[in-house]
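Novice: To start, I am sharing the structure in question, which I have written as structure tokens.
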Amino acid sequence: MTIIDTLTERNQAFVARRFSAGLSIMPQLRTLIIGCADARVDPAHLLGLEPGEALVLRNIGGRITPAVLRDIALLSMIPQIEGVGTVRSLNLVVLHHKDCGITRLMKFPGQLADYFGIAQEQLDAKAVADPHASVQVDVAVLKANPNLPGDIIVSGLVYDVATGLVETVVSPAPLSSGSNES
């Protein structure tokens with residue numbers, strides 16, 4: 001049996017037990033989760049999400065990078081395209097985790113700095129080795145971005161791969177006190 005056989009068999013089980021036709025393209029929980037690509041840290045599983053409840057973007061470290069900011073900007077256009085107005089009351093969750101593979105990439109500072117779109121000398125400010133600090137750094141990056149609507153609610157979590165528990169590091173709060181329009 002090949003991996004494709006295994007995956008298509010699992011898809012059949014999914015269709016039989018969990019598939020829901022006709023889900024809205026707009027997430028039911030009005031939530032976007034930025035998480036890590038690590039196979040141990042699938043936000044849908046560890047947060048108990050059902051299909052259609054949240055958007056999930058995954059990358060190395062679950063970090064806010066220039067590419068993620070572009071993704072958020074493009075995703076924020078979909079409500080307008082769908083005729084439901086602009087993004088309002090979106091919950092943006094930054095999810096980092098302990099024992100993240102991104103820490104192993106610190107041996108390659110040039111590539112890691114390029115990933116963040118910064119100079120190598122600025123890499124320490126990204127707090128790559130500390131998931132609690134890195135969540136705070138990334139929330140600050142989001143809050144400093146004038147192109148995001150100020151009424152987006154942002155929060156930060158850290159997942160412990162040893163216990164399965166998440167910890168709130170940054171409590172939910174609007175990106176800004178004013179309301180930026182985008």
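Ligands are numbered from 1 in the order shown, chains are lettered A, B, ... in the order of the structure tokens, and residues start at 1 in each chain.
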Please return as a PyMOL selection string: the residues of chain A that backbone DSSP assigns to strand (DSSP E).
Specialist: chain A and resi 31-36+54-59+91-97+153-159+166-174
Novice: Could you turn the residues from that selection into a file that holds N, CA, C and O atoms, as a compact mmCIF listing (two decimals), in the first residue's frame?
Specialist:
# COMPACT_ATOMS: atom_id res chain seq x y z
N THR A 31 -12.28 33.41 12.40
CA THR A 31 -10.96 33.24 12.99
C THR A 31 -9.94 32.84 11.94
O THR A 31 -10.22 32.00 11.08
N LEU A 32 -8.77 33.46 12.02
CA LEU A 32 -7.61 33.11 11.21
C LEU A 32 -6.50 32.74 12.17
O LEU A 32 -6.14 33.55 13.04
N ILE A 33 -5.97 31.55 12.03
CA ILE A 33 -4.89 31.08 12.90
C ILE A 33 -3.62 30.99 12.07
O ILE A 33 -3.61 30.40 10.99
N ILE A 34 -2.56 31.61 12.58
CA ILE A 34 -1.24 31.51 11.98
C ILE A 34 -0.46 30.52 12.84
O ILE A 34 -0.20 30.79 14.02
N GLY A 35 -0.12 29.37 12.28
CA GLY A 35 0.56 28.34 13.05
C GLY A 35 1.75 27.76 12.31
O GLY A 35 2.00 28.06 11.14
N CYS A 36 2.44 26.87 12.99
CA CYS A 36 3.65 26.25 12.48
C CYS A 36 3.33 25.07 11.57
O CYS A 36 2.32 24.38 11.75
N ALA A 54 -12.52 27.84 10.82
CA ALA A 54 -11.42 28.81 10.86
C ALA A 54 -10.53 28.65 9.64
O ALA A 54 -10.44 27.57 9.05
N LEU A 55 -9.88 29.75 9.28
CA LEU A 55 -8.82 29.72 8.29
C LEU A 55 -7.53 29.39 9.04
O LEU A 55 -7.32 29.89 10.15
N VAL A 56 -6.67 28.60 8.43
CA VAL A 56 -5.40 28.26 9.06
C VAL A 56 -4.29 28.46 8.04
O VAL A 56 -4.32 27.89 6.96
N LEU A 57 -3.33 29.31 8.39
CA LEU A 57 -2.12 29.48 7.59
C LEU A 57 -0.98 28.87 8.38
O LEU A 57 -0.84 29.16 9.59
N ARG A 58 -0.17 28.05 7.73
CA ARG A 58 0.95 27.42 8.42
C ARG A 58 2.25 27.69 7.67
O ARG A 58 2.27 27.67 6.44
N ASN A 59 3.29 27.97 8.43
CA ASN A 59 4.61 28.18 7.86
C ASN A 59 5.66 27.76 8.89
O ASN A 59 5.32 27.26 9.96
N ASN A 91 -10.94 37.32 14.38
CA ASN A 91 -10.02 36.88 15.43
C ASN A 91 -8.77 36.34 14.77
O ASN A 91 -8.85 35.35 14.03
N LEU A 92 -7.66 36.98 15.00
CA LEU A 92 -6.39 36.54 14.43
C LEU A 92 -5.57 35.94 15.58
O LEU A 92 -5.27 36.64 16.55
N VAL A 93 -5.26 34.66 15.48
CA VAL A 93 -4.56 33.95 16.55
C VAL A 93 -3.17 33.57 16.07
O VAL A 93 -3.02 32.87 15.06
N VAL A 94 -2.15 34.02 16.78
CA VAL A 94 -0.77 33.64 16.52
C VAL A 94 -0.47 32.45 17.44
O VAL A 94 -0.59 32.56 18.66
N LEU A 95 -0.12 31.31 16.84
CA LEU A 95 0.10 30.08 17.60
C LEU A 95 1.53 29.58 17.38
O LEU A 95 1.87 29.13 16.29
N HIS A 96 2.35 29.71 18.41
CA HIS A 96 3.71 29.16 18.37
C HIS A 96 3.73 27.95 19.30
O HIS A 96 2.76 27.67 20.00
N HIS A 97 4.87 27.25 19.31
CA HIS A 97 4.93 26.06 20.17
C HIS A 97 6.34 25.81 20.69
O HIS A 97 7.32 26.30 20.13
N ILE A 153 -9.22 41.41 16.11
CA ILE A 153 -8.85 41.00 17.47
C ILE A 153 -7.68 40.04 17.35
O ILE A 153 -7.78 39.00 16.68
N VAL A 154 -6.57 40.36 17.98
CA VAL A 154 -5.38 39.52 17.89
C VAL A 154 -5.05 38.94 19.26
O VAL A 154 -5.25 39.59 20.28
N SER A 155 -4.59 37.70 19.24
CA SER A 155 -4.16 37.04 20.48
C SER A 155 -3.00 36.12 20.15
O SER A 155 -2.72 35.86 18.98
N GLY A 156 -2.34 35.63 21.20
CA GLY A 156 -1.20 34.75 21.01
C GLY A 156 -1.21 33.58 21.96
O GLY A 156 -1.44 33.76 23.16
N LEU A 157 -0.97 32.40 21.41
CA LEU A 157 -0.95 31.17 22.19
C LEU A 157 0.38 30.46 22.01
O LEU A 157 1.02 30.59 20.97
N VAL A 158 0.76 29.68 23.02
CA VAL A 158 1.91 28.78 22.91
C VAL A 158 1.42 27.38 23.25
O VAL A 158 0.79 27.17 24.28
N TYR A 159 1.72 26.45 22.37
CA TYR A 159 1.35 25.04 22.53
C TYR A 159 2.54 24.28 23.08
O TYR A 159 3.67 24.46 22.62
N VAL A 166 -2.44 24.39 25.48
CA VAL A 166 -2.09 25.73 24.99
C VAL A 166 -2.16 26.71 26.15
O VAL A 166 -2.96 26.54 27.08
N GLU A 167 -1.31 27.70 26.08
CA GLU A 167 -1.27 28.76 27.09
C GLU A 167 -1.48 30.09 26.38
O GLU A 167 -0.87 30.35 25.33
N THR A 168 -2.33 30.94 26.94
CA THR A 168 -2.52 32.27 26.39
C THR A 168 -1.36 33.15 26.83
O THR A 168 -1.13 33.33 28.02
N VAL A 169 -0.65 33.67 25.86
CA VAL A 169 0.49 34.55 26.12
C VAL A 169 0.10 36.01 25.89
O VAL A 169 0.52 36.90 26.61
N VAL A 170 -0.71 36.23 24.87
CA VAL A 170 -1.23 37.56 24.58
C VAL A 170 -2.76 37.43 24.55
O VAL A 170 -3.31 36.72 23.71
N SER A 171 -3.40 38.10 25.49
CA SER A 171 -4.87 38.05 25.57
C SER A 171 -5.49 38.77 24.38
O SER A 171 -4.91 39.72 23.85
N PRO A 172 -6.68 38.34 23.97
CA PRO A 172 -7.35 38.98 22.83
C PRO A 172 -7.55 40.48 23.03
O PRO A 172 -8.02 40.92 24.08
N ALA A 173 -7.17 41.24 22.00
CA ALA A 173 -7.32 42.70 22.02
C ALA A 173 -7.33 43.20 20.58
O ALA A 173 -6.74 42.59 19.71
N PRO A 174 -8.00 44.34 20.35
CA PRO A 174 -7.98 44.92 18.99
C PRO A 174 -6.56 45.27 18.58
O PRO A 174 -5.72 45.61 19.42
Novice: Considering only alpha helix (DSSP H) as DSSP defines it on the backbone, what residues of stretch 13-159 of chain A qualify? List them as an MDAnalysis selection string.
Specialist: chainID A and resid 13:17 43:46 66:75 78:81 109:116 131:144
Novice: Leaving out stretch 104-114 of chain A and any residue of its chain fewer than 6 positions from it, which residues lie within 9 Å of it when counting only C-alpha atoms, given as a list in words?
Specialist: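 The residues that qualify are Gln120, Glu121, Gln122, Leu123, Val128 and Ala129 of chain A.
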Novice: Let's have the selection written as a PDB file, in the first residue's frame, with C-alpha atoms.
Specialist:
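Result written to part37.pdb:
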ATOM      1  CA  GLN A 120      20.953  39.313   9.911  1.00  0.00           C
ATOM      2  CA  GLU A 121      21.856  41.769  12.699  1.00  0.00           C
ATOM      3  CA  GLN A 122      18.133  42.099  13.515  1.00  0.00           C
ATOM      4  CA  LEU A 123      17.557  38.366  14.016  1.00  0.00           C
ATOM      5  CA  VAL A 128      13.409  32.643  17.638  1.00  0.00           C
ATOM      6  CA  ALA A 129      14.480  30.495  20.601  1.00  0.00           C
TER       7      ALA A 129
END
Novice: Counting only C-alpha atoms, what is within 10 Å of A:Leu175, bar same-chain residues fewer than 6 positions away, as a PyMOL selection string?
Specialist: chain A and resi 92+139-140+142-146+148-155
